[in-house]
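K.L.:
To be precise about what I am sending: the file is called upload-v8.cif and holds mmCIF, C-alpha atoms.
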data_upload
loop_
_atom_site.label_atom_id
_atom_site.label_comp_id
_atom_site.auth_asym_id
_atom_site.auth_seq_id
_atom_site.Cartn_x
_atom_site.Cartn_y
_atom_site.Cartn_z
CA MET A 1 142.31 -175.78 -89.02
CA ASP A 2 145.76 -177.28 -88.68
CA PHE A 3 145.76 -178.39 -85.05
CA GLU A 4 149.11 -180.12 -85.38
CA LEU A 5 150.76 -176.83 -86.31
CA MET A 6 149.07 -175.12 -83.38
CA ILE A 7 150.39 -177.72 -80.94
CA ASN A 8 153.85 -177.74 -82.50
CA SER A 9 154.24 -173.98 -82.51
CA PHE A 10 152.99 -173.56 -78.94
CA PRO A 11 156.32 -174.29 -77.16
CA LYS A 12 158.23 -172.08 -79.63
CA LEU A 13 155.83 -169.22 -79.04
CA LEU A 14 155.94 -169.75 -75.29
CA ASN A 15 159.73 -169.45 -75.37
CA ALA A 16 159.39 -166.24 -77.34
CA ALA A 17 156.91 -164.95 -74.76
CA VAL A 18 159.77 -165.06 -72.25
CA VAL A 19 161.68 -162.57 -74.43
CA THR A 20 158.56 -160.38 -74.54
CA LEU A 21 158.25 -160.47 -70.75
CA LYS A 22 161.92 -159.60 -70.30
CA LEU A 23 161.62 -156.63 -72.64
CA LEU A 24 158.46 -155.55 -70.86
CA SER A 25 159.77 -155.80 -67.30
CA VAL A 26 163.11 -154.08 -67.95
CA SER A 27 161.54 -151.22 -69.87
CA LEU A 28 158.80 -150.77 -67.28
CA ILE A 29 161.29 -150.54 -64.42
CA VAL A 30 163.49 -148.03 -66.25
CA GLY A 31 160.41 -146.22 -67.54
CA LEU A 32 159.01 -145.85 -64.04
CA PHE A 33 162.14 -144.02 -62.89
CA ILE A 34 162.12 -141.79 -65.97
CA GLY A 35 158.41 -141.14 -65.45
CA LEU A 36 158.87 -140.24 -61.80
CA LEU A 37 161.76 -137.92 -62.62
CA PHE A 38 159.82 -136.08 -65.33
CA ALA A 39 156.67 -135.92 -63.21
CA ILE A 40 158.70 -134.13 -60.53
CA LEU A 41 160.21 -131.82 -63.17
CA ARG A 42 156.71 -131.04 -64.44
CA LEU A 43 155.72 -129.83 -60.98
CA ASN A 44 158.79 -127.59 -60.77
CA LYS A 45 158.02 -123.88 -60.74
CA ASN A 46 160.92 -122.98 -63.02
CA ILE A 47 159.31 -122.43 -66.42
CA PHE A 48 162.25 -123.82 -68.43
CA ILE A 49 162.43 -127.08 -66.51
CA ASN A 50 158.67 -127.31 -66.67
CA LYS A 51 158.53 -126.70 -70.43
CA PHE A 52 161.37 -129.16 -71.03
CA ALA A 53 159.49 -131.93 -69.22
CA TYR A 54 156.29 -131.06 -71.07
CA GLY A 55 158.12 -131.11 -74.40
CA TYR A 56 159.56 -134.53 -73.66
CA SER A 57 156.18 -136.05 -72.91
CA TYR A 58 154.55 -134.26 -75.85
CA VAL A 59 157.07 -135.53 -78.39
CA PHE A 60 157.10 -139.11 -77.15
CA ARG A 61 153.31 -139.29 -76.90
CA GLY A 62 152.74 -137.58 -80.24
CA THR A 63 154.91 -139.82 -82.40
CA PRO A 64 154.55 -143.55 -83.12
CA LEU A 65 156.71 -145.92 -81.09
CA LEU A 66 158.01 -147.37 -84.35
CA VAL A 67 159.62 -144.04 -85.31
CA GLN A 68 161.25 -143.83 -81.88
CA ILE A 69 162.75 -147.33 -82.20
CA PHE A 70 164.00 -146.62 -85.71
CA ILE A 71 165.62 -143.31 -84.72
CA ILE A 72 167.46 -145.01 -81.86
CA TYR A 73 168.40 -148.21 -83.67
CA PHE A 74 169.13 -146.97 -87.21
CA GLY A 75 169.61 -143.26 -86.60
CA LEU A 76 172.01 -143.00 -83.67
CA GLY A 77 174.53 -145.36 -85.27
CA GLN A 78 175.15 -142.66 -87.82
CA ILE A 79 176.75 -140.25 -85.35
CA GLU A 80 180.53 -140.76 -85.56
CA SER A 81 181.31 -139.60 -82.04
CA LEU A 82 178.71 -141.97 -80.63
CA ARG A 83 180.16 -144.92 -82.49
CA SER A 84 183.60 -144.38 -81.05
CA SER A 85 182.34 -143.85 -77.51
CA PHE A 86 181.71 -146.51 -74.89
CA LEU A 87 177.96 -146.07 -75.45
CA TRP A 88 178.31 -147.96 -78.71
CA VAL A 89 178.58 -151.24 -76.80
CA ILE A 90 174.95 -150.72 -75.80
CA LEU A 91 173.64 -148.96 -78.90
CA LYS A 92 174.80 -151.57 -81.40
CA GLU A 93 172.58 -154.19 -79.76
CA PRO A 94 168.99 -154.20 -81.04
CA TYR A 95 167.90 -155.54 -77.64
CA TRP A 96 169.14 -152.47 -75.75
CA CYS A 97 167.94 -150.07 -78.44
CA ALA A 98 164.46 -151.53 -78.15
CA ILE A 99 164.58 -151.24 -74.38
CA ILE A 100 165.77 -147.61 -74.52
CA ALA A 101 162.95 -146.73 -76.92
CA PHE A 102 160.33 -148.56 -74.84
CA ALA A 103 161.58 -147.05 -71.58
CA LEU A 104 161.58 -143.50 -72.97
CA ASN A 105 158.13 -144.05 -74.45
CA THR A 106 156.53 -145.53 -71.36
CA GLY A 107 158.39 -142.93 -69.27
CA ALA A 108 156.53 -140.17 -71.11
CA TYR A 109 153.13 -141.73 -70.48
CA THR A 110 154.03 -142.61 -66.88
CA SER A 111 155.13 -139.04 -66.19
CA GLU A 112 151.69 -137.81 -67.27
CA ILE A 113 149.95 -140.41 -65.10
CA LEU A 114 152.08 -139.57 -62.04
CA ARG A 115 151.83 -135.82 -62.59
CA SER A 116 148.04 -135.90 -62.55
CA ALA A 117 148.19 -138.18 -59.48
CA PHE A 118 150.43 -135.67 -57.65
CA GLN A 119 148.10 -132.85 -58.58
CA THR A 120 145.05 -134.60 -57.18
CA ILE A 121 146.61 -134.95 -53.72
CA LYS A 122 144.66 -132.65 -51.43
CA PRO A 123 146.81 -129.73 -50.13
CA GLY A 124 145.38 -130.41 -46.68
CA ILE A 125 147.30 -133.67 -46.46
CA ILE A 126 150.62 -131.92 -47.12
CA GLU A 127 149.71 -129.10 -44.72
CA ALA A 128 148.88 -131.67 -42.06
CA GLY A 129 152.32 -133.19 -42.49
CA LYS A 130 153.95 -129.76 -42.24
CA SER A 131 152.08 -128.82 -39.11
CA LEU A 132 153.29 -132.04 -37.54
CA GLY A 133 156.81 -130.75 -38.08
CA ILE A 134 157.78 -133.32 -40.73
CA SER A 135 160.39 -132.12 -43.21
CA ASN A 136 159.41 -131.51 -46.84
CA LYS A 137 161.59 -134.33 -48.02
CA ILE A 138 159.97 -136.89 -45.77
CA ILE A 139 156.50 -135.60 -46.64
CA PHE A 140 157.36 -136.16 -50.28
CA TYR A 141 158.70 -139.69 -49.83
CA LYS A 142 156.37 -140.93 -47.11
CA VAL A 143 153.14 -139.12 -47.94
CA GLN A 144 152.99 -137.83 -51.49
CA ILE A 145 154.60 -140.75 -53.31
CA PRO A 146 152.51 -143.52 -51.69
CA ILE A 147 149.28 -141.60 -52.32
CA ALA A 148 150.30 -140.84 -55.90
CA ILE A 149 151.09 -144.50 -56.54
CA ARG A 150 147.69 -145.56 -55.26
CA GLN A 151 145.96 -142.87 -57.34
CA SER A 152 147.73 -143.83 -60.51
CA LEU A 153 147.35 -147.62 -60.27
CA PRO A 154 144.35 -147.99 -62.63
CA ALA A 155 145.89 -145.77 -65.31
CA TYR A 156 149.28 -147.40 -64.86
CA GLY A 157 147.68 -150.82 -65.32
CA ASN A 158 146.43 -149.69 -68.72
CA GLU A 159 149.88 -148.39 -69.53
CA ILE A 160 151.44 -151.78 -68.70
CA ILE A 161 149.04 -153.49 -71.09
CA LEU A 162 149.74 -150.90 -73.81
CA MET A 163 153.45 -151.47 -73.27
CA LEU A 164 153.00 -155.25 -73.50
CA LYS A 165 151.49 -154.68 -76.92
CA GLY A 166 154.21 -152.16 -77.71
CA THR A 167 156.97 -154.72 -77.17
CA SER A 168 155.72 -156.45 -80.34
CA LEU A 169 157.57 -153.70 -82.26
CA ALA A 170 160.86 -155.21 -81.11
CA SER A 171 160.32 -157.70 -83.93
CA THR A 172 160.93 -154.88 -86.44
CA VAL A 173 164.53 -154.54 -85.27
CA THR A 174 165.28 -158.28 -85.69
CA LEU A 175 164.44 -159.37 -82.13
CA MET A 176 162.60 -162.66 -81.89
CA ASP A 177 159.91 -161.83 -79.38
CA LEU A 178 156.42 -163.39 -79.40
CA THR A 179 155.28 -161.40 -82.44
CA GLY A 180 158.61 -161.93 -84.21
CA VAL A 181 158.41 -165.71 -83.87
CA ALA A 182 154.72 -165.69 -84.79
CA LYS A 183 155.53 -163.77 -87.96
CA TYR A 184 158.34 -166.19 -88.77
CA ILE A 185 156.04 -169.21 -88.38
CA ILE A 186 153.31 -167.54 -90.44
CA SER A 187 155.69 -166.69 -93.27
CA THR A 188 157.10 -170.23 -93.41
CA THR A 189 153.81 -172.15 -93.11
CA PHE A 190 151.29 -169.65 -94.54
CA LYS A 191 148.82 -170.56 -91.82
CA PRO A 192 148.12 -167.10 -90.35
CA ILE A 193 144.88 -167.94 -88.53
CA GLU A 194 146.25 -170.87 -86.52
CA VAL A 195 149.36 -168.97 -85.44
CA PHE A 196 147.32 -165.88 -84.65
CA ILE A 197 145.06 -167.90 -82.34
CA VAL A 198 148.00 -169.39 -80.40
CA ALA A 199 150.10 -166.20 -80.20
CA GLY A 200 147.06 -164.01 -79.55
CA GLY A 201 145.98 -166.44 -76.84
CA ILE A 202 149.33 -166.10 -75.09
CA TYR A 203 149.10 -162.29 -75.27
CA LEU A 204 145.55 -162.36 -73.94
CA PHE A 205 146.63 -164.61 -71.09
CA MET A 206 149.38 -162.15 -70.14
CA THR A 207 146.94 -159.23 -70.36
CA PHE A 208 144.54 -161.16 -68.13
CA ILE A 209 147.22 -161.77 -65.49
CA ILE A 210 148.37 -158.12 -65.51
CA HIS A 211 144.78 -156.92 -65.28
CA ASN A 212 144.10 -159.09 -62.23
CA VAL A 213 147.35 -158.25 -60.46
CA ILE A 214 146.55 -154.55 -60.79
CA LYS A 215 143.02 -155.16 -59.54
CA PHE A 216 144.43 -157.01 -56.54
CA LEU A 217 146.88 -154.19 -55.78
CA GLU A 218 144.12 -151.61 -56.09
CA LYS A 219 142.08 -153.48 -53.50
CA LYS A 220 145.05 -153.96 -51.22
CA TYR A 221 146.04 -150.30 -51.22
CA SER A 222 142.57 -148.82 -51.22
CA TYR A 223 141.75 -146.53 -48.35
CA MET B 1 167.99 -129.38 -96.62
CA GLU B 2 168.68 -130.63 -100.16
CA PHE B 3 167.24 -133.95 -99.02
CA LEU B 4 163.83 -132.34 -98.87
CA ALA B 5 163.89 -130.71 -102.33
CA PHE B 6 160.90 -131.40 -104.55
CA GLY B 7 161.52 -133.15 -107.85
CA ASP B 8 164.09 -135.77 -108.78
CA THR B 9 166.90 -134.48 -106.57
CA GLY B 10 165.20 -134.66 -103.21
CA TRP B 11 162.60 -136.54 -101.23
CA GLY B 12 160.25 -133.62 -100.58
CA ASP B 13 157.49 -134.59 -102.99
CA GLU B 14 157.72 -138.27 -102.07
CA LEU B 15 157.39 -137.47 -98.39
CA PHE B 16 154.52 -135.10 -99.11
CA ARG B 17 152.65 -137.82 -100.98
CA ALA B 18 153.46 -140.27 -98.18
CA THR B 19 151.98 -137.85 -95.64
CA LEU B 20 148.79 -137.65 -97.71
CA MET B 21 148.75 -141.45 -97.76
CA THR B 22 149.04 -141.60 -93.97
CA ILE B 23 146.13 -139.17 -93.67
CA ALA B 24 144.08 -141.17 -96.18
CA VAL B 25 144.71 -144.48 -94.40
CA SER B 26 143.95 -142.95 -90.99
CA ILE B 27 140.64 -141.47 -92.14
CA THR B 28 139.61 -144.66 -93.95
CA ALA B 29 140.54 -146.76 -90.93
CA MET B 30 138.66 -144.42 -88.61
CA LEU B 31 135.52 -144.68 -90.80
CA ILE B 32 135.81 -148.48 -91.00
CA GLY B 33 136.19 -148.40 -87.23
CA PHE B 34 133.00 -146.33 -86.91
CA SER B 35 131.06 -148.86 -88.96
CA PHE B 36 132.35 -151.66 -86.73
CA ALA B 37 131.37 -149.59 -83.71
CA ALA B 38 127.91 -149.03 -85.21
CA VAL B 39 127.44 -152.81 -85.25
CA PHE B 40 129.08 -153.73 -81.95
CA THR B 41 127.90 -150.88 -79.70
CA PRO B 42 124.22 -152.01 -79.93
CA LEU B 43 125.39 -155.58 -79.27
CA LYS B 44 127.20 -154.40 -76.14
CA LEU B 45 124.12 -152.59 -74.88
CA SER B 46 121.73 -155.38 -75.87
CA LYS B 47 119.65 -157.26 -73.29
CA PHE B 48 120.70 -160.61 -74.72
CA LYS B 49 123.69 -162.14 -72.95
CA PHE B 50 124.83 -163.93 -76.09
CA LEU B 51 125.07 -160.70 -78.11
CA ASN B 52 126.96 -159.06 -75.23
CA LEU B 53 129.40 -161.94 -75.30
CA ILE B 54 130.12 -161.55 -79.02
CA ALA B 55 130.81 -157.83 -78.63
CA ASN B 56 132.95 -158.40 -75.55
CA ILE B 57 135.06 -161.00 -77.32
CA TYR B 58 135.67 -158.54 -80.15
CA THR B 59 136.77 -155.65 -77.94
CA THR B 60 138.77 -157.77 -75.50
CA VAL B 61 140.70 -159.69 -78.14
CA ILE B 62 141.51 -156.63 -80.23
CA ARG B 63 142.55 -154.53 -77.25
CA GLY B 64 144.63 -157.33 -75.74
CA VAL B 65 146.57 -158.41 -78.83
CA PRO B 66 149.36 -156.30 -80.38
CA GLU B 67 148.39 -154.26 -83.42
CA LEU B 68 151.31 -155.69 -85.36
CA LEU B 69 149.99 -159.24 -84.91
CA VAL B 70 146.58 -158.20 -86.23
CA ILE B 71 148.26 -156.58 -89.23
CA TYR B 72 150.24 -159.75 -89.95
CA LEU B 73 146.99 -161.77 -89.73
CA PHE B 74 145.42 -159.56 -92.38
CA PHE B 75 148.54 -159.24 -94.49
CA PHE B 76 149.14 -162.98 -94.72
CA GLY B 77 145.56 -164.16 -94.31
CA GLY B 78 143.58 -161.47 -96.14
CA SER B 79 143.81 -162.67 -99.72
CA GLY B 80 143.47 -166.31 -98.61
CA ALA B 81 140.19 -165.54 -96.88
CA ILE B 82 138.84 -163.64 -99.88
CA MET B 83 139.88 -166.41 -102.26
CA PHE B 84 138.11 -168.92 -100.01
CA VAL B 85 134.89 -166.92 -100.18
CA ALA B 86 135.31 -166.46 -103.96
CA SER B 87 135.86 -170.19 -104.47
CA MET B 88 132.49 -170.86 -102.87
CA PHE B 89 131.01 -168.83 -105.71
CA GLY B 90 133.02 -170.77 -108.24
CA TYR B 91 135.83 -168.25 -108.83
CA ASN B 92 139.20 -169.96 -108.52
CA GLU B 93 141.71 -167.40 -109.85
CA TYR B 94 144.32 -165.83 -107.60
CA ILE B 95 143.10 -162.65 -105.96
CA GLU B 96 145.47 -160.11 -104.51
CA ILE B 97 144.13 -157.28 -102.39
CA ASN B 98 146.25 -154.19 -102.26
CA ALA B 99 148.11 -152.96 -99.21
CA PHE B 100 145.87 -149.93 -98.76
CA VAL B 101 142.74 -152.08 -98.35
CA THR B 102 144.42 -154.64 -96.06
CA GLY B 103 146.06 -151.93 -93.98
CA SER B 104 142.97 -149.77 -93.53
CA PHE B 105 140.94 -152.83 -92.64
CA ALA B 106 143.41 -154.07 -90.05
CA ILE B 107 143.77 -150.64 -88.44
CA GLY B 108 140.02 -150.05 -88.84
CA ILE B 109 139.15 -153.17 -86.86
CA ILE B 110 141.53 -152.08 -84.09
CA SER B 111 140.19 -148.54 -84.09
CA GLY B 112 136.63 -149.93 -84.10
CA ALA B 113 137.21 -151.78 -80.83
CA TYR B 114 138.27 -148.54 -79.13
CA SER B 115 135.40 -146.58 -80.72
CA THR B 116 132.91 -149.22 -79.53
CA GLU B 117 134.02 -148.69 -75.95
CA VAL B 118 133.82 -144.91 -76.34
CA PHE B 119 130.28 -144.99 -77.79
CA ARG B 120 129.12 -147.49 -75.17
CA GLY B 121 130.39 -145.22 -72.42
CA ALA B 122 128.81 -142.15 -74.01
CA ILE B 123 125.38 -143.76 -74.45
CA GLN B 124 125.43 -145.15 -70.93
CA SER B 125 126.16 -141.74 -69.45
CA ILE B 126 123.14 -140.11 -71.11
CA ASP B 127 120.41 -139.51 -68.56
CA LYS B 128 117.75 -142.25 -68.59
CA GLY B 129 115.04 -139.62 -68.60
CA GLN B 130 116.06 -138.62 -72.12
CA PHE B 131 115.24 -142.10 -73.47
CA GLU B 132 111.96 -142.16 -71.58
CA ALA B 133 110.96 -138.66 -72.63
CA ALA B 134 111.66 -139.48 -76.28
CA LYS B 135 109.48 -142.57 -75.97
CA VAL B 136 106.67 -140.71 -74.23
CA LEU B 137 106.65 -138.02 -76.92
CA GLY B 138 105.92 -140.75 -79.44
CA PHE B 139 109.09 -140.56 -81.52
CA SER B 140 109.75 -143.61 -83.65
CA LYS B 141 112.77 -145.73 -82.62
CA PHE B 142 114.74 -144.32 -85.53
CA LYS B 143 113.95 -140.71 -84.66
CA GLN B 144 114.60 -141.34 -80.96
CA PHE B 145 118.12 -142.28 -81.83
CA TYR B 146 118.89 -139.66 -84.51
CA LYS B 147 117.19 -136.65 -82.95
CA ILE B 148 117.62 -137.23 -79.22
CA ILE B 149 120.36 -139.72 -78.40
CA LEU B 150 122.93 -139.19 -81.15
CA PRO B 151 123.52 -135.44 -80.69
CA GLN B 152 123.97 -135.88 -76.93
CA MET B 153 126.15 -138.93 -77.41
CA LEU B 154 128.47 -137.12 -79.83
CA ARG B 155 129.11 -134.33 -77.35
CA LEU B 156 130.17 -136.84 -74.73
CA ALA B 157 132.12 -139.00 -77.16
CA ILE B 158 134.25 -136.38 -78.94
CA PRO B 159 137.00 -135.95 -76.32
CA ASN B 160 137.52 -139.73 -76.16
CA LEU B 161 137.19 -140.12 -79.91
CA SER B 162 140.05 -137.68 -80.29
CA ASN B 163 142.18 -140.14 -78.31
CA VAL B 164 141.04 -142.94 -80.62
CA TRP B 165 142.02 -140.78 -83.59
CA GLN B 166 145.50 -140.24 -82.12
CA ILE B 167 145.93 -143.99 -81.56
CA THR B 168 144.70 -144.73 -85.09
CA LEU B 169 147.00 -142.14 -86.64
CA LYS B 170 150.03 -143.57 -84.85
CA ASP B 171 149.00 -147.16 -85.61
CA THR B 172 149.11 -146.46 -89.34
CA SER B 173 152.91 -146.35 -89.04
CA LEU B 174 152.77 -150.12 -88.50
CA ILE B 175 151.25 -150.68 -91.95
CA SER B 176 154.68 -149.87 -93.35
CA VAL B 177 155.59 -153.55 -92.71
CA THR B 178 153.17 -154.51 -95.48
CA GLY B 179 154.90 -152.25 -97.98
CA LEU B 180 152.30 -149.48 -98.25
CA VAL B 181 154.20 -146.25 -98.92
CA GLU B 182 153.13 -144.01 -96.06
CA ILE B 183 155.39 -141.76 -93.95
CA MET B 184 157.28 -144.59 -92.26
CA ARG B 185 157.83 -146.65 -95.40
CA GLN B 186 158.92 -143.60 -97.42
CA SER B 187 161.39 -142.62 -94.70
CA TYR B 188 162.70 -146.18 -94.71
CA ILE B 189 163.24 -146.04 -98.47
CA ALA B 190 164.83 -142.58 -98.32
CA ALA B 191 167.03 -143.55 -95.37
CA GLY B 192 168.24 -146.63 -97.23
CA SER B 193 169.08 -144.76 -100.41
CA THR B 194 170.77 -141.73 -98.83
CA ARG B 195 172.28 -143.56 -95.84
CA ASP B 196 170.96 -140.88 -93.56
CA PRO B 197 168.42 -142.65 -91.33
CA LEU B 198 168.80 -140.16 -88.48
CA PHE B 199 167.58 -137.27 -90.63
CA PHE B 200 164.69 -139.08 -92.28
CA TYR B 201 163.32 -140.83 -89.20
CA SER B 202 163.56 -137.58 -87.23
CA PHE B 203 161.75 -135.84 -90.07
CA ALA B 204 159.09 -138.58 -89.96
CA ALA B 205 158.69 -137.89 -86.24
CA VAL B 206 158.21 -134.19 -87.01
CA LEU B 207 155.56 -135.02 -89.62
CA TYR B 208 153.65 -137.18 -87.12
CA LEU B 209 153.89 -134.45 -84.49
CA LEU B 210 152.55 -131.96 -87.01
CA LEU B 211 149.65 -134.25 -87.88
CA THR B 212 148.71 -134.84 -84.23
CA PHE B 213 149.06 -131.13 -83.47
CA ILE B 214 146.86 -130.00 -86.35
CA SER B 215 144.23 -132.67 -85.74
CA MET B 216 144.04 -131.72 -82.06
CA LYS B 217 143.35 -128.11 -83.05
CA LEU B 218 140.58 -129.20 -85.44
CA ILE B 219 139.01 -131.58 -82.91
CA ASN B 220 138.98 -128.85 -80.26
CA LYS B 221 136.91 -126.74 -82.64
CA LEU B 222 134.48 -129.64 -83.13
CA GLU B 223 134.25 -130.03 -79.40
CA VAL B 224 133.28 -126.39 -79.00
CA LYS B 225 130.68 -126.76 -81.74
CA TYR B 226 129.01 -129.79 -80.19
CA SER B 227 128.95 -128.43 -76.68
CA ARG B 228 126.97 -125.34 -77.63
CA GLY B 229 124.15 -124.85 -75.17
CA TYR B 230 125.92 -126.54 -72.27
#
Mind turning the file's structure into structure tokens?
P.N.:
Amino acid sequence: MDFELMINSFPKLLNAAVVTLKLLSVSLIVGLFIGLLFAILRLNKNIFINKFAYGYSYVFRGTPLLVQIFIIYFGLGQIESLRSSFLWVILKEPYWCAIIAFALNTGAYTSEILRSAFQTIKPGIIEAGKSLGISNKIIFYKVQIPIAIRQSLPAYGNEIILMLKGTSLASTVTLMDLTGVAKYIISTTFKPIEVFIVAGGIYLFMTFIIHNVIKFLEKKYSY
Amino acid sequence: MEFLAFGDTGWGDELFRATLMTIAVSITAMLIGFSFAAVFTPLKLSKFKFLNLIANIYTTVIRGVPELLVIYLFFFGGSGAIMFVASMFGYNEYIEINAFVTGSFAIGIISGAYSTEVFRGAIQSIDKGQFEAAKVLGFSKFKQFYKIILPQMLRLAIPNLSNVWQITLKDTSLISVTGLVEIMRQSYIAAGSTRDPLFFYSFAAVLYLLLTFISMKLINKLEVKYSRGY
């Protein structure tokens, strides 16, 4: 065991963990909106809209995240019209490509989580709102969404942890996140076990925090 | 379409072989995972706190650390660890393990952690009376497990195991970083040589979709088979 290396690499890895957390939080926020949008589309009665939303979640859940990142980062740059458009400012940056891929990926899983949460809301609750003369829109925002959020908290907590692990793939498109820096240190020192313990420890610590925050929220919003 | 021609002009046969490689790695990893689960599930259910702790450390660490990091650990540390063991037996030559073995082991250990949780859940949800009845009827411990518990456990475990299979199948794409030529790596090579990454990565996505689709169909059949009589 090379304890000196472990102590020396700790601050570097901690700095890289900040990149990981940034990637995670931005993609989760964007992903939540995408997920909510597609969950609503899934509940739409129009069969085309419905099928489209289902297709989106099927494709993104059925293929590896790595393929999705590579298509966005390496693939989209090939389209001439895209390269000359204003979108290229975003798409030439590996950082934004990674975030787009993560957001679309987590959006697909989130849409499934939210959809099943919406479907478990008892019809009686909505009927009660209607009979009180509340408009459909307000019922949706003030009744359905809060209940759905509470219902989906445990599953969404798992999704956050899966996404935390997913951000490690950013290292494949040259970003120096926690896994990227860990790999760099391993390949320069050839001490995989020491680096794995430190980097893995940081990941586990983050998982632990997320797990407990979700638990706290579940308790707070239980009814 | 000429990209996908078989033979020297296209990448069809290469991609076909790569798909077979992905399937081979996934199945090997899944089986390695089962053998890990066979060891750690009893530890999880054991009465001894210390054995519980060992099993919990295994599942918590593996499920909390990114797959890619585990793969790097094995990729960079695998041959070192084997050489260390070999040197204890007096063998000091350089040993290189191939990417298939390292990759299946890394993914297998990950898949094993998920399988352990699935089996634990399945065994715990079998009615207690079943264990007691098996004991009362005088079955040996071995027969109790194989004749009474295992068939019931499988029925409960199959839907969740199909999720583990999906995770394992998708995780194999990460082995491409070690240079094993599976779907992802082959697409990377083809994309580099033809300068058409969009086509090849999209095609890779289609191949993965096809694999998940077909395996879901097969697993559904298994599910029907094991839930006969319920």
K.L.:
Suppose you want the space between CA of Leu217 in chain A and CA of Arg63 in chain B; what is it in Å?
P.N.:
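Distance between the two atoms: 21.9 Å.
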K.L.:
On this file, the PyMOL selection byres ((chain B) within 7 of (chain A)) gives some set of residues; write that set as a PyMOL selection string.
P.N.:
chain B and resi 61+64-66+68-69+72-73+76-77+170+173+197-198+201-202+205+208-209+212
K.L.:
Can you work out the spacing between CA of Ile145 in chain A and CA of Leu41 in chain A in Å, to one decimal?
P.N.:
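These two atoms are separated by 14.4 Å.
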K.L.:
Kindly give the distance, in Å, that separates CA of Glu117 in chain B and CA of Glu159 in chain A, rounded to a single decimal.
P.N.:
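It comes out at 17.1 Å.
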K.L.:
Which neighbours of range 108-116 of chain B fall inside 10 Å, counting only C-alpha atoms, when residues of the same chain fewer than 4 positions from it are skipped, and could you give them as a ChimeraX atom specification?
P.N.:
/B:25-44,55-56,58-63,65-67,70-71,102-104,120-122,157,160-161,163-165,167-169,171-172
K.L.:
Next, dump the selected residues to file, keeping only C-alpha atoms, as a JSON list (two decimals), in the coordinates of the input.
P.N.:
[["chain", "number", "residue", "atom", "x", "y", "z"],
["B", 25, "VAL", "CA", 144.71, -144.48, -94.40],
["B", 26, "SER", "CA", 143.95, -142.95, -90.99],
["B", 27, "ILE", "CA", 140.64, -141.47, -92.14],
["B", 28, "THR", "CA", 139.61, -144.66, -93.95],
["B", 29, "ALA", "CA", 140.54, -146.76, -90.93],
["B", 30, "MET", "CA", 138.66, -144.42, -88.61],
["B", 31, "LEU", "CA", 135.52, -144.68, -90.80],
["B", 32, "ILE", "CA", 135.81, -148.48, -91.00],
["B", 33, "GLY", "CA", 136.19, -148.40, -87.23],
["B", 34, "PHE", "CA", 133.00, -146.33, -86.91],
["B", 35, "SER", "CA", 131.06, -148.86, -88.96],
["B", 36, "PHE", "CA", 132.35, -151.66, -86.73],
["B", 37, "ALA", "CA", 131.37, -149.59, -83.71],
["B", 38, "ALA", "CA", 127.91, -149.03, -85.21],
["B", 39, "VAL", "CA", 127.44, -152.81, -85.25],
["B", 40, "PHE", "CA", 129.08, -153.73, -81.95],
["B", 41, "THR", "CA", 127.90, -150.88, -79.70],
["B", 42, "PRO", "CA", 124.22, -152.01, -79.93],
["B", 43, "LEU", "CA", 125.39, -155.58, -79.27],
["B", 44, "LYS", "CA", 127.20, -154.40, -76.14],
["B", 55, "ALA", "CA", 130.81, -157.83, -78.63],
["B", 56, "ASN", "CA", 132.95, -158.40, -75.55],
["B", 58, "TYR", "CA", 135.67, -158.54, -80.15],
["B", 59, "THR", "CA", 136.77, -155.65, -77.94],
["B", 60, "THR", "CA", 138.77, -157.77, -75.50],
["B", 61, "VAL", "CA", 140.70, -159.69, -78.14],
["B", 62, "ILE", "CA", 141.51, -156.63, -80.23],
["B", 63, "ARG", "CA", 142.55, -154.53, -77.25],
["B", 65, "VAL", "CA", 146.57, -158.41, -78.83],
["B", 66, "PRO", "CA", 149.36, -156.30, -80.38],
["B", 67, "GLU", "CA", 148.39, -154.26, -83.42],
["B", 70, "VAL", "CA", 146.58, -158.20, -86.23],
["B", 71, "ILE", "CA", 148.26, -156.58, -89.23],
["B", 102, "THR", "CA", 144.42, -154.64, -96.06],
["B", 103, "GLY", "CA", 146.06, -151.93, -93.98],
["B", 104, "SER", "CA", 142.97, -149.77, -93.53],
["B", 120, "ARG", "CA", 129.12, -147.49, -75.17],
["B", 121, "GLY", "CA", 130.39, -145.22, -72.42],
["B", 122, "ALA", "CA", 128.81, -142.15, -74.01],
["B", 157, "ALA", "CA", 132.12, -139.00, -77.16],
["B", 160, "ASN", "CA", 137.52, -139.73, -76.16],
["B", 161, "LEU", "CA", 137.19, -140.12, -79.91],
["B", 163, "ASN", "CA", 142.18, -140.14, -78.31],
["B", 164, "VAL", "CA", 141.04, -142.94, -80.62],
["B", 165, "TRP", "CA", 142.02, -140.78, -83.59],
["B", 167, "ILE", "CA", 145.93, -143.99, -81.56],
["B", 168, "THR", "CA", 144.70, -144.73, -85.09],
["B", 169, "LEU", "CA", 147.00, -142.14, -86.64],
["B", 171, "ASP", "CA", 149.00, -147.16, -85.61],
["B", 172, "THR", "CA", 149.11, -146.46, -89.34]]
K.L.:
Around all listed atoms of range 155-169 of chain A, padded 4 Å per side, what centre and edge lengths does the axis-aligned box have in Å to one decimal, as lines of an AutoDock Vina configuration file?
P.N.:
center_x = 151.7
center_y = -151.1
center_z = -73.6
size_x = 19.7
size_y = 18.7
size_z = 25.4
K.L.:
Would you please work out which residue, of A:Trp88, A:Phe3, A:Phe52, A:Tyr221, is nearest to Arg150 in chain A when using all atoms listed in the file?
P.N.:
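Selected residue with least distance to Arg150 in chain A: A:Tyr221.
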